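Undergrad: Quick one, final17.cif (mmCIF, C-alpha atoms):
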data_input
loop_
_atom_site.label_atom_id
_atom_site.label_comp_id
_atom_site.auth_asym_id
_atom_site.auth_seq_id
_atom_site.Cartn_x
_atom_site.Cartn_y
_atom_site.Cartn_z
CA MET W 909 105.20 73.49 98.36
CA PRO W 910 105.44 77.01 99.80
CA ARG W 911 103.48 77.92 102.92
CA TYR W 912 101.32 81.05 103.13
CA VAL W 913 99.06 82.88 105.56
CA ALA W 914 95.84 84.62 104.53
CA LEU W 915 94.52 87.36 106.81
CA LEU W 916 90.97 88.63 106.35
CA ARG W 917 90.08 92.18 107.39
CA GLY W 918 87.02 92.96 109.44
CA VAL W 919 85.37 89.56 109.69
CA ASN W 920 83.52 88.12 112.69
CA VAL W 921 83.70 91.34 114.72
CA GLY W 922 79.97 92.06 114.59
CA PRO W 923 76.78 90.69 113.08
CA ASN W 924 77.93 91.44 109.52
CA LYS W 925 80.71 89.81 107.53
CA ARG W 926 80.49 86.46 109.28
CA VAL W 927 82.96 83.88 108.00
CA PRO W 928 82.60 80.56 109.82
CA MET W 929 86.01 78.94 110.14
CA ALA W 930 84.78 75.58 108.82
CA GLU W 931 83.55 77.29 105.64
CA TRP W 932 86.79 79.28 105.43
CA ARG W 933 88.81 76.03 105.53
CA THR W 934 86.50 74.40 102.96
CA LEU W 935 86.79 77.41 100.66
CA LEU W 936 90.60 77.32 100.75
CA THR W 937 90.68 73.57 100.23
CA GLY W 938 88.31 74.03 97.28
CA LEU W 939 90.85 76.37 95.70
CA GLY W 940 93.36 73.51 95.78
CA TYR W 941 95.31 74.64 98.83
CA THR W 942 96.51 71.92 101.20
CA GLY W 943 97.45 71.70 104.86
CA VAL W 944 94.81 74.33 105.64
CA GLN W 945 94.66 75.40 109.29
CA THR W 946 92.66 78.27 110.73
CA LEU W 947 93.50 80.13 113.89
CA LEU W 948 90.96 81.79 116.16
CA ASN W 949 87.73 83.14 114.70
CA SER W 950 89.16 86.22 113.04
CA GLY W 951 89.97 85.07 109.53
CA ASN W 952 93.49 83.70 109.87
CA ALA W 953 94.45 80.71 107.76
CA VAL W 954 97.74 79.00 107.02
CA PHE W 955 98.04 76.74 103.96
CA ASP W 956 100.34 75.26 101.35
CA ALA W 957 100.05 76.31 97.70
CA LYS W 958 101.98 76.23 94.47
CA ALA W 959 104.39 79.14 94.30
CA ALA W 960 102.62 82.26 93.05
CA PRO W 961 102.67 85.98 93.74
CA THR W 962 100.87 86.72 97.00
CA ALA W 963 98.69 89.30 95.23
CA THR W 964 97.46 86.59 92.87
CA ILE W 965 96.63 84.24 95.74
CA ALA W 966 94.87 87.04 97.64
CA SER W 967 92.79 87.91 94.58
CA ARG W 968 91.74 84.29 94.07
CA ILE W 969 90.70 83.99 97.72
CA ARG W 970 88.81 87.29 97.67
CA GLU W 971 86.88 86.22 94.56
CA ALA W 972 86.07 82.83 96.14
CA ILE W 973 84.75 84.52 99.30
CA LEU W 974 82.65 86.84 97.17
CA ASP W 975 81.29 83.95 95.08
CA GLY W 976 80.91 81.40 97.86
CA LEU W 977 79.98 83.49 100.89
CA GLU W 978 78.69 86.60 99.12
CA LEU W 979 81.02 88.83 101.13
CA ASP W 980 83.49 91.38 99.82
CA VAL W 981 86.34 91.00 102.28
CA PRO W 982 89.86 92.41 101.94
CA VAL W 983 92.43 89.59 101.92
CA ILE W 984 96.12 89.97 102.65
CA VAL W 985 98.41 87.05 101.88
CA LYS W 986 102.01 86.69 103.04
CA SER W 987 104.47 83.90 102.33
CA ALA W 988 105.99 82.19 105.34
CA ALA W 989 109.26 84.04 104.67
CA GLU W 990 107.52 87.43 104.40
CA PHE W 991 105.60 86.80 107.60
CA GLN W 992 108.76 85.75 109.45
CA ALA W 993 110.51 88.92 108.27
CA ILE W 994 107.67 90.97 109.77
CA VAL W 995 108.05 89.08 113.05
CA ASP W 996 111.82 89.60 113.02
CA GLU W 997 111.53 93.36 112.29
CA ASN W 998 109.43 94.06 115.39
CA VAL W 999 111.72 96.18 117.54
CA LEU W 1000 108.88 96.89 120.00
CA ALA W 1001 108.58 93.23 121.01
CA ALA W 1002 111.54 93.45 123.37
CA GLY W 1003 109.76 95.95 125.61
CA CYS W 1004 106.35 94.32 125.38
CA THR W 1005 104.88 93.18 128.69
CA ASN W 1006 101.47 92.15 127.31
CA ASP W 1007 101.22 90.52 123.88
CA THR W 1008 97.57 91.58 123.47
CA ARG W 1009 98.58 95.24 123.62
CA LEU W 1010 101.22 95.07 120.90
CA MET W 1011 99.59 95.38 117.49
CA VAL W 1012 100.95 94.56 114.04
CA SER W 1013 99.29 95.95 110.91
CA PHE W 1014 99.80 94.10 107.64
CA GLY W 1015 99.31 95.48 104.15
CA ALA W 1016 99.41 93.86 100.76
CA ASP W 1017 102.69 95.63 99.92
CA THR W 1018 105.03 98.45 100.90
CA ARG W 1019 102.93 101.07 99.07
CA VAL W 1020 100.14 100.44 101.57
CA ILE W 1021 102.42 100.50 104.62
CA ALA W 1022 104.45 103.65 103.89
CA PRO W 1023 101.55 106.12 104.46
CA LEU W 1024 100.94 104.64 107.91
CA ALA W 1025 103.90 106.67 109.18
CA GLY W 1026 101.39 109.54 109.29
CA PHE W 1027 99.61 107.77 112.14
CA GLN W 1028 102.35 109.13 114.42
CA GLN W 1029 100.13 112.21 114.79
CA TYR W 1030 97.65 110.18 116.86
CA LEU W 1031 100.27 108.82 119.24
CA THR W 1032 99.70 109.42 122.95
CA PRO W 1033 102.63 108.62 125.27
CA PRO W 1034 103.50 106.09 126.59
CA GLU W 1035 102.44 104.49 123.29
CA ALA W 1036 105.11 103.68 120.74
CA ILE W 1037 104.88 103.16 117.00
CA THR W 1038 107.35 101.84 114.44
CA VAL W 1039 106.74 101.63 110.71
CA THR W 1040 108.97 99.48 108.53
CA ALA W 1041 108.64 98.72 104.84
CA ASN W 1042 106.56 95.65 105.72
CA ALA W 1043 104.37 96.51 108.73
CA LEU W 1044 103.29 98.99 111.36
CA TYR W 1045 103.93 98.04 114.99
CA LEU W 1046 102.00 99.73 117.77
CA TRP W 1047 102.59 99.31 121.52
CA CYS W 1048 99.47 100.32 123.50
CA PRO W 1049 100.44 99.84 127.17
CA ASN W 1050 97.17 101.45 128.32
CA GLY W 1051 95.09 99.17 126.10
CA VAL W 1052 93.95 99.11 122.51
CA LEU W 1053 90.62 100.76 123.33
CA GLU W 1054 92.49 103.78 124.74
CA SER W 1055 94.67 104.23 121.65
CA LYS W 1056 93.84 106.81 118.97
CA VAL W 1057 96.33 105.10 116.65
CA ALA W 1058 94.57 101.75 117.11
CA ALA W 1059 91.20 103.40 116.47
CA ALA W 1060 92.53 104.85 113.21
CA LEU W 1061 94.02 101.50 112.16
CA LEU W 1062 90.85 99.58 112.91
CA GLY W 1063 88.64 102.25 111.33
CA ARG W 1064 88.25 103.72 107.89
CA GLN W 1065 91.76 105.22 107.81
CA GLY W 1066 93.22 101.74 108.17
CA GLN W 1067 91.02 100.12 105.55
CA ASN W 1068 93.99 98.96 103.47
CA VAL W 1069 95.58 97.00 106.30
CA THR W 1070 94.55 94.33 108.74
CA THR W 1071 95.78 94.28 112.31
CA ARG W 1072 96.57 91.43 114.69
CA ASN W 1073 97.90 91.46 118.23
CA TRP W 1074 101.34 90.06 118.95
CA ALA W 1075 99.95 86.95 120.65
CA THR W 1076 98.10 86.04 117.44
CA VAL W 1077 101.11 86.91 115.27
CA LYS W 1078 103.27 84.52 117.30
CA LYS W 1079 100.66 81.75 116.96
CA ILE W 1080 100.50 82.25 113.19
CA ALA W 1081 104.31 82.20 112.98
CA ALA W 1082 104.31 78.89 114.86
CA LEU W 1083 101.80 77.40 112.39
CA LEU W 1084 103.92 78.60 109.46
CA ALA W 1085 107.14 77.10 110.89
#
So, in terms of structure tokens, how does the structure I just supplied come out?
TA:
Amino acid sequence: MPRYVALLRGVNVGPNKRVPMAEWRTLLTGLGYTGVQTLLNSGNAVFDAKAAPTATIASRIREAILDGLELDVPVIVKSAAEFQAIVDENVLAAGCTNDTRLMVSFGADTRVIAPLAGFQQYLTPPEAITVTANALYLWCPNGVLESKVAAALLGRQGQNVTTRNWATVKKIAALLA
């Protein structure tokens, strides 16, 4: 059975949109997914499912969260192969000296990612940004809180993507392997 990762946007970062990881695992298991593992408390889950388009899986999960937890949460699903391609495309990783300051933004598809190239306008050196067809990569050597690009990604302008730091991306990749 194929392996997938589901990434929730904007959960467990404040008092609203709380998704306990035990409930998140139960919800995914209830949808018939197997081998469910969550990572950290930020809405990351790896699971096995029958082959299906990732958009279909994401829609099912979003509906289940809405029905079961009464939360409308954006869900991005990637197959293990899609996720590995995003990891492999990260040209900024070679110069990264702190995995928590290298960010990766995921979208449901290339149509969501392409407009992120416009975030270059917020770049403040020595930051670096790379946008591929599959993800946006942002190196924030002075910290995420100091980055205007990160603020845009994590705010309203980035509402169609979800962002994880490189340390988390590597942990998810290990779970998918």
Undergrad: Using the chain letters and residue numbers of this document, give as JSON, numbers by chain the residues selected by the PyMOL selection byres ((chain W and resi 1073) around 8).
TA: {"W": [1007, 1008, 1009, 1010, 1011, 1012, 1071, 1072, 1074, 1075, 1076, 1077]}
Undergrad: So, with all atoms listed in the file as the atoms that count, which of W:Val981, W:Val913, W:Leu939, W:Val927 lies closest to Phe955 (chain W)?
TA: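 Among the listed residues, W:Val913 lies closest to Phe955 (chain W).
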Undergrad: Rounded to one decimal place, report the CA of Val999 (chain W)-CA of Lys1078 (chain W) distance in Å.
TA: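 Computing it gives 14.4 Å between the two atoms.
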Undergrad: Find the residues around region 1059-1068 of chain W up to 9 Å (all atoms listed in the file counted), leave out those fewer than 6 positions away in its own chain, and share them as a list in words.
TA: Arg917, Gly918, Pro982, Ser1013, Phe1014, Gly1015, Ala1016, Val1020, Ile1021, Leu1024, Phe1027, Tyr1030, Val1052 and Leu1053 of chain W
Undergrad: Between CA of Ile984 (chain W) and CA of Thr962 (chain W), what is the spacing in Å?
TA: 8.1 Å
Undergrad: Have a look at W:Ala1085, W:Ala1001, W:Leu979, W:Leu1031 and name the one nearest to Arg911 (chain W); count all atoms listed in the file.
TA: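 Selected residue with least distance to Arg911 (chain W): W:Ala1085.
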Undergrad: Could you give me the centre and size, in Å to one decimal, of an axis-aligned box around all listed atoms of region 932-942 of chain W with 6 Å added on every side, as JSON?
TA:
{"center_x": 91.5, "center_y": 75.6, "center_z": 100.6, "size_x": 22.0, "size_y": 19.4, "size_z": 21.8}
Undergrad: Could you tell me which residues the PyMOL selection byres ((chain W and resi 994) around 10) returns for this structure, as a list in words?
TA: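 In the shown coordinates, the PyMOL selection byres ((chain W and resi 994) around 10) covers Lys986, Ala988, Ala989, Glu990, Phe991, Gln992, Ala993, Val995, Asp996, Glu997, Asn998, Val1012, Ser1013, Phe1014, Thr1040, Ala1041, Asn1042, Ala1043, Leu1044, Tyr1045, Val1077 and Ala1081 of chain W.
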Undergrad: Kindly extract all protein, DNA and RNA residues lying within 10 Å of the coordinates (84.3, 78.0, 96.5) given in the file, considering all atoms listed in the file, and supply them as a PyMOL selection string.
TA: chain W and resi 931-932+934-939+969+971-977
Undergrad: Got time to write the residues from that selection, C-alpha atoms, as a PDB file, in the coordinates of the input?
TA:
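The new file again_12.pdb reads:
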ATOM      1  CA  GLU W 931      83.550  77.290 105.640  1.00  0.00           C
ATOM      2  CA  TRP W 932      86.790  79.280 105.430  1.00  0.00           C
ATOM      3  CA  THR W 934      86.500  74.400 102.960  1.00  0.00           C
ATOM      4  CA  LEU W 935      86.790  77.410 100.660  1.00  0.00           C
ATOM      5  CA  LEU W 936      90.600  77.320 100.750  1.00  0.00           C
ATOM      6  CA  THR W 937      90.680  73.570 100.230  1.00  0.00           C
ATOM      7  CA  GLY W 938      88.310  74.030  97.280  1.00  0.00           C
ATOM      8  CA  LEU W 939      90.850  76.370  95.700  1.00  0.00           C
ATOM      9  CA  ILE W 969      90.700  83.990  97.720  1.00  0.00           C
ATOM     10  CA  GLU W 971      86.880  86.220  94.560  1.00  0.00           C
ATOM     11  CA  ALA W 972      86.070  82.830  96.140  1.00  0.00           C
ATOM     12  CA  ILE W 973      84.750  84.520  99.300  1.00  0.00           C
ATOM     13  CA  LEU W 974      82.650  86.840  97.170  1.00  0.00           C
ATOM     14  CA  ASP W 975      81.290  83.950  95.080  1.00  0.00           C
ATOM     15  CA  GLY W 976      80.910  81.400  97.860  1.00  0.00           C
ATOM     16  CA  LEU W 977      79.980  83.490 100.890  1.00  0.00           C
TER      17      LEU W 977
END
Undergrad: Could you tell me which of W:Lys1056, W:Arg933, W:Lys925, W:Arg1019 comes closest to Val954 (chain W) if we count only C-alpha atoms?
TA: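 Nearest to Val954 (chain W): W:Arg933.
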Undergrad: In Å, how far is it from CA of Val985 (chain W) to CA of Leu916 (chain W)?
TA: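 For CA of Val985 (chain W) relative to CA of Leu916 (chain W), the distance reads 8.8 Å.
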Undergrad: Of the candidates W:Ala1022, W:Leu1083, W:Ala930, W:Ala914, which one gets nearest to Thr964 (chain W) if we count all atoms listed in the file?
TA: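 Of W:Ala1022, W:Leu1083, W:Ala930, W:Ala914, the one nearest Thr964 (chain W), counting all atoms listed in the file, is W:Ala914.
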Undergrad: As a PDB file, keeping the file's coordinate frame, could you write out region 937-948 of chain W once it has been completed with all heavy atoms?
TA:
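Result saved to part_34.pdb:
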ATOM      1  N   THR W 937      90.432  74.918 100.751  1.00  0.00           N
ATOM      2  CA  THR W 937      90.680  73.570 100.230  1.00  0.00           C
ATOM      3  C   THR W 937      90.106  73.453  98.817  1.00  0.00           C
ATOM      4  O   THR W 937      90.724  72.857  97.937  1.00  0.00           O
ATOM      5  CB  THR W 937      90.075  72.511 101.165  1.00  0.00           C
ATOM      6  OG1 THR W 937      90.654  72.674 102.462  1.00  0.00           O
ATOM      7  CG2 THR W 937      90.356  71.099 100.670  1.00  0.00           C
ATOM      8  N   GLY W 938      88.939  74.042  98.598  1.00  0.00           N
ATOM      9  CA  GLY W 938      88.310  74.030  97.280  1.00  0.00           C
ATOM     10  C   GLY W 938      89.132  74.751  96.220  1.00  0.00           C
ATOM     11  O   GLY W 938      88.992  74.476  95.023  1.00  0.00           O
ATOM     12  N   LEU W 939      89.968  75.671  96.635  1.00  0.00           N
ATOM     13  CA  LEU W 939      90.850  76.370  95.700  1.00  0.00           C
ATOM     14  C   LEU W 939      92.109  75.552  95.401  1.00  0.00           C
ATOM     15  O   LEU W 939      92.968  75.986  94.634  1.00  0.00           O
ATOM     16  CB  LEU W 939      91.253  77.735  96.277  1.00  0.00           C
ATOM     17  CG  LEU W 939      90.143  78.785  96.329  1.00  0.00           C
ATOM     18  CD1 LEU W 939      90.612  80.029  97.091  1.00  0.00           C
ATOM     19  CD2 LEU W 939      89.689  79.157  94.920  1.00  0.00           C
ATOM     20  N   GLY W 940      92.224  74.379  96.028  1.00  0.00           N
ATOM     21  CA  GLY W 940      93.360  73.510  95.780  1.00  0.00           C
ATOM     22  C   GLY W 940      94.493  73.660  96.773  1.00  0.00           C
ATOM     23  O   GLY W 940      95.546  73.043  96.626  1.00  0.00           O
ATOM     24  N   TYR W 941      94.285  74.460  97.821  1.00  0.00           N
ATOM     25  CA  TYR W 941      95.310  74.640  98.830  1.00  0.00           C
ATOM     26  C   TYR W 941      95.269  73.455  99.791  1.00  0.00           C
ATOM     27  O   TYR W 941      94.211  72.888 100.059  1.00  0.00           O
ATOM     28  CB  TYR W 941      95.139  75.958  99.568  1.00  0.00           C
ATOM     29  CG  TYR W 941      95.126  77.155  98.630  1.00  0.00           C
ATOM     30  CD1 TYR W 941      94.248  78.207  98.817  1.00  0.00           C
ATOM     31  CD2 TYR W 941      95.998  77.225  97.549  1.00  0.00           C
ATOM     32  CE1 TYR W 941      94.233  79.299  97.955  1.00  0.00           C
ATOM     33  CE2 TYR W 941      95.987  78.309  96.685  1.00  0.00           C
ATOM     34  CZ  TYR W 941      95.107  79.342  96.892  1.00  0.00           C
ATOM     35  OH  TYR W 941      95.099  80.408  96.042  1.00  0.00           O
ATOM     36  N   THR W 942      96.419  73.086 100.321  1.00  0.00           N
ATOM     37  CA  THR W 942      96.510  71.920 101.200  1.00  0.00           C
ATOM     38  C   THR W 942      97.038  72.343 102.562  1.00  0.00           C
ATOM     39  O   THR W 942      97.534  73.454 102.740  1.00  0.00           O
ATOM     40  CB  THR W 942      97.432  70.853 100.591  1.00  0.00           C
ATOM     41  OG1 THR W 942      98.734  71.420 100.391  1.00  0.00           O
ATOM     42  CG2 THR W 942      96.880  70.343  99.258  1.00  0.00           C
ATOM     43  N   GLY W 943      96.946  71.432 103.521  1.00  0.00           N
ATOM     44  CA  GLY W 943      97.450  71.700 104.860  1.00  0.00           C
ATOM     45  C   GLY W 943      96.776  72.899 105.504  1.00  0.00           C
ATOM     46  O   GLY W 943      97.400  73.602 106.295  1.00  0.00           O
ATOM     47  N   VAL W 944      95.519  73.140 105.172  1.00  0.00           N
ATOM     48  CA  VAL W 944      94.810  74.330 105.640  1.00  0.00           C
ATOM     49  C   VAL W 944      94.537  74.240 107.135  1.00  0.00           C
ATOM     50  O   VAL W 944      93.994  73.250 107.615  1.00  0.00           O
ATOM     51  CB  VAL W 944      93.484  74.522 104.870  1.00  0.00           C
ATOM     52  CG1 VAL W 944      92.712  75.715 105.417  1.00  0.00           C
ATOM     53  CG2 VAL W 944      93.742  74.671 103.374  1.00  0.00           C
ATOM     54  N   GLN W 945      94.938  75.285 107.855  1.00  0.00           N
ATOM     55  CA  GLN W 945      94.660  75.400 109.290  1.00  0.00           C
ATOM     56  C   GLN W 945      94.175  76.820 109.546  1.00  0.00           C
ATOM     57  O   GLN W 945      94.765  77.781 109.043  1.00  0.00           O
ATOM     58  CB  GLN W 945      95.932  75.170 110.107  1.00  0.00           C
ATOM     59  CG  GLN W 945      96.505  73.774 110.007  1.00  0.00           C
ATOM     60  CD  GLN W 945      97.820  73.713 110.752  1.00  0.00           C
ATOM     61  OE1 GLN W 945      98.851  74.096 110.226  1.00  0.00           O
ATOM     62  NE2 GLN W 945      97.778  73.243 111.994  1.00  0.00           N
ATOM     63  N   THR W 946      93.110  76.943 110.322  1.00  0.00           N
ATOM     64  CA  THR W 946      92.660  78.270 110.730  1.00  0.00           C
ATOM     65  C   THR W 946      93.050  78.497 112.176  1.00  0.00           C
ATOM     66  O   THR W 946      93.276  77.544 112.928  1.00  0.00           O
ATOM     67  CB  THR W 946      91.133  78.426 110.557  1.00  0.00           C
ATOM     68  OG1 THR W 946      90.465  77.410 111.293  1.00  0.00           O
ATOM     69  CG2 THR W 946      90.744  78.348 109.085  1.00  0.00           C
ATOM     70  N   LEU W 947      93.113  79.769 112.529  1.00  0.00           N
ATOM     71  CA  LEU W 947      93.500  80.130 113.890  1.00  0.00           C
ATOM     72  C   LEU W 947      92.521  81.174 114.396  1.00  0.00           C
ATOM     73  O   LEU W 947      92.316  82.198 113.747  1.00  0.00           O
ATOM     74  CB  LEU W 947      94.920  80.698 113.916  1.00  0.00           C
ATOM     75  CG  LEU W 947      95.412  81.212 115.264  1.00  0.00           C
ATOM     76  CD1 LEU W 947      95.561  80.055 116.241  1.00  0.00           C
ATOM     77  CD2 LEU W 947      96.717  81.955 115.112  1.00  0.00           C
ATOM     78  N   LEU W 948      91.939  80.906 115.535  1.00  0.00           N
ATOM     79  CA  LEU W 948      90.960  81.790 116.160  1.00  0.00           C
ATOM     80  C   LEU W 948      89.753  81.969 115.224  1.00  0.00           C
ATOM     81  O   LEU W 948      89.592  81.236 114.267  1.00  0.00           O
ATOM     82  CB  LEU W 948      91.587  83.121 116.562  1.00  0.00           C
ATOM     83  CG  LEU W 948      92.809  82.996 117.475  1.00  0.00           C
ATOM     84  CD1 LEU W 948      93.478  84.341 117.669  1.00  0.00           C
ATOM     85  CD2 LEU W 948      92.397  82.411 118.821  1.00  0.00           C
TER      86      LEU W 948
END
